[in-house]
Structures are given as C-alpha cells and as structure tokens.
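Have a look at work.txt; it's compact mmCIF, C-alpha atoms:
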# COMPACT_ATOMS: atom_id res chain seq x y z
CA MET J 1 -5.58 -47.61 -6.59
CA LEU J 2 -8.45 -46.93 -4.30
CA ALA J 3 -11.31 -45.11 -5.95
CA VAL J 4 -13.57 -43.05 -3.75
CA SER J 5 -16.96 -41.99 -4.93
CA PHE J 6 -19.29 -39.61 -3.22
CA ARG J 7 -23.02 -39.52 -3.71
CA PHE J 8 -25.00 -36.47 -2.85
CA ASN J 9 -28.75 -36.73 -2.66
CA VAL J 10 -29.48 -33.08 -3.28
CA SER J 11 -32.38 -32.23 -5.47
CA ARG J 12 -31.58 -29.47 -7.90
CA THR J 13 -35.10 -28.12 -7.89
CA SER J 14 -35.24 -27.02 -4.29
CA ASN J 15 -38.09 -24.81 -3.17
CA ALA J 16 -36.12 -23.34 -0.29
CA ALA J 17 -36.04 -19.62 -0.98
CA VAL J 18 -34.01 -17.16 1.01
CA SER J 19 -35.51 -13.79 1.69
CA PRO J 20 -33.50 -10.89 0.25
CA GLU J 21 -33.21 -9.27 3.67
CA THR J 22 -31.08 -12.11 5.01
CA VAL J 23 -28.53 -11.48 2.24
CA ILE J 24 -28.73 -7.75 1.57
CA ILE J 25 -28.70 -6.47 5.16
CA PRO J 26 -25.39 -8.16 6.19
CA ILE J 27 -23.69 -7.11 2.96
CA VAL J 28 -24.82 -3.49 3.19
CA SER J 29 -24.01 -3.28 6.89
CA CYS J 30 -20.47 -4.55 6.21
CA ILE J 31 -19.99 -2.14 3.30
CA ILE J 32 -21.17 0.80 5.41
CA GLY J 33 -20.13 -0.36 8.88
CA PHE J 34 -16.50 -1.27 8.27
CA PRO J 35 -15.41 2.13 6.88
CA ILE J 36 -17.23 3.89 9.72
CA LEU J 37 -15.50 1.65 12.27
CA ALA J 38 -12.11 2.18 10.64
CA LEU J 39 -12.64 5.96 10.56
CA LEU J 40 -13.68 5.92 14.22
CA VAL J 41 -10.52 4.00 15.22
CA ILE J 42 -8.31 6.35 13.19
CA CYS J 43 -9.92 9.42 14.77
CA CYS J 44 -9.54 7.99 18.28
CA LEU J 45 -5.86 7.19 17.71
CA ARG J 46 -5.18 10.66 16.32
CA ARG J 47 -6.93 12.31 19.27
CA ARG J 48 -4.98 10.16 21.73
CA ALA J 49 -1.69 11.10 20.05
CA LYS J 50 -2.65 14.79 20.05
CA LEU J 51 -3.47 14.70 23.76
CA ALA J 52 -0.17 12.95 24.48
CA ARG J 53 1.75 15.59 22.50
CA ASP J 54 -0.05 18.38 24.35
CA ARG J 55 0.68 16.72 27.69
CA ASP J 56 4.38 16.34 26.81
CA ARG J 57 4.52 19.94 25.59
CA ARG J 58 3.01 21.21 28.86
CA ARG J 59 5.41 19.06 30.88
CA ASN J 60 8.41 20.35 28.95
CA ILE J 61 7.28 23.97 29.35
CA ASP J 62 6.93 23.47 33.12
CA LEU J 63 10.35 21.85 33.33
CA GLN J 64 12.09 24.54 31.29
CA ASP J 65 11.46 27.05 34.05
CA HIS J 66 12.96 24.86 36.78
CA ALA J 67 15.19 22.14 35.35
CA VAL J 68 16.62 20.50 32.27
CA SER J 69 14.21 18.85 29.85
CA LEU J 70 13.59 15.11 30.22
CA VAL J 71 14.56 14.60 26.60
CA ARG J 72 18.00 16.02 27.29
CA ILE J 73 18.42 13.91 30.42
CA ASN J 74 17.49 10.73 28.56
CA ALA J 75 19.88 11.59 25.73
CA ILE J 76 22.72 12.19 28.21
CA HIS J 77 22.07 8.87 29.93
CA ARG J 78 22.03 7.02 26.61
CA PHE J 79 25.29 8.68 25.60
CA MET J 80 26.91 7.84 28.94
CA ASN J 81 25.82 4.17 28.69
CA LEU J 82 27.31 3.91 25.21
CA ALA J 83 30.60 5.46 26.29
CA TYR J 84 31.27 2.78 28.90

Let's see the structure in the file written out as structure tokens.
Amino acid sequence: MLAVSFRFNVSRTSNAAVSPETVIIPIVSCIIGFPILALLVICCLRRRAKLARDRDRRRNIDLQDHAVSLVRINAIHRFMNLAY
C-alpha cells in the first residue's frame, strides 16, 4: 500500500488578524439584503400578473360587445382538434 503524507508548515500562532468589518458587513448585508431582494422579486411578479389580468379583462370586455370571447374560441378549437 502506498502511504501518502502531507506536511503543512503553518504556524499556529499567526499574527494575521482580520478586521471585524470584513466579516460582519458581508454577513449582515446577506441577512438583510436577500429577504429584501426576494420581496422585491415577489412584488414585481405579482404586479406583472395583476397588469396581465387587467389587460385580459379589458380585452374580454371589448370583445364581448362585438364578438365571441377568445377563451371560447380557443376552447372550441381544442374540442374540434380532439374530435378528429
């Protein structure tokens, strides 16, 4: 069997100190920033969906005065394609 040994020349009494700002600021910004970003994305998606629903509602109201609703036309086409 081949034995592999690793030697690390790391002194355990290192004087390299890290300032607290380099550790605390990224952690706090992630704890605060991620929920804000997630909330912003959720709000944008909800607003986009609301605008799309309003646009579809206005389109259907306009079409009810003059023609059959697009939803009904699509349903008829789907039914006709399944029948054949």

To one decimal in Å, tell me the separation between CA of Val23 (chain J) and CA of Leu39 (chain J).
->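 Straight-line distance from CA of Val23 (chain J) to CA of Leu39 (chain J) works out to 25.0 Å.
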
Distance CA of Ala38 (chain J)-CA of Pro26 (chain J), one decimal place?
-> 17.4 Å

Enter the distance from CA of Asp54 (chain J) to CA of Ile42 (chain J), in Å, rounded to one decimal.
->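 The value is 18.4 Å.
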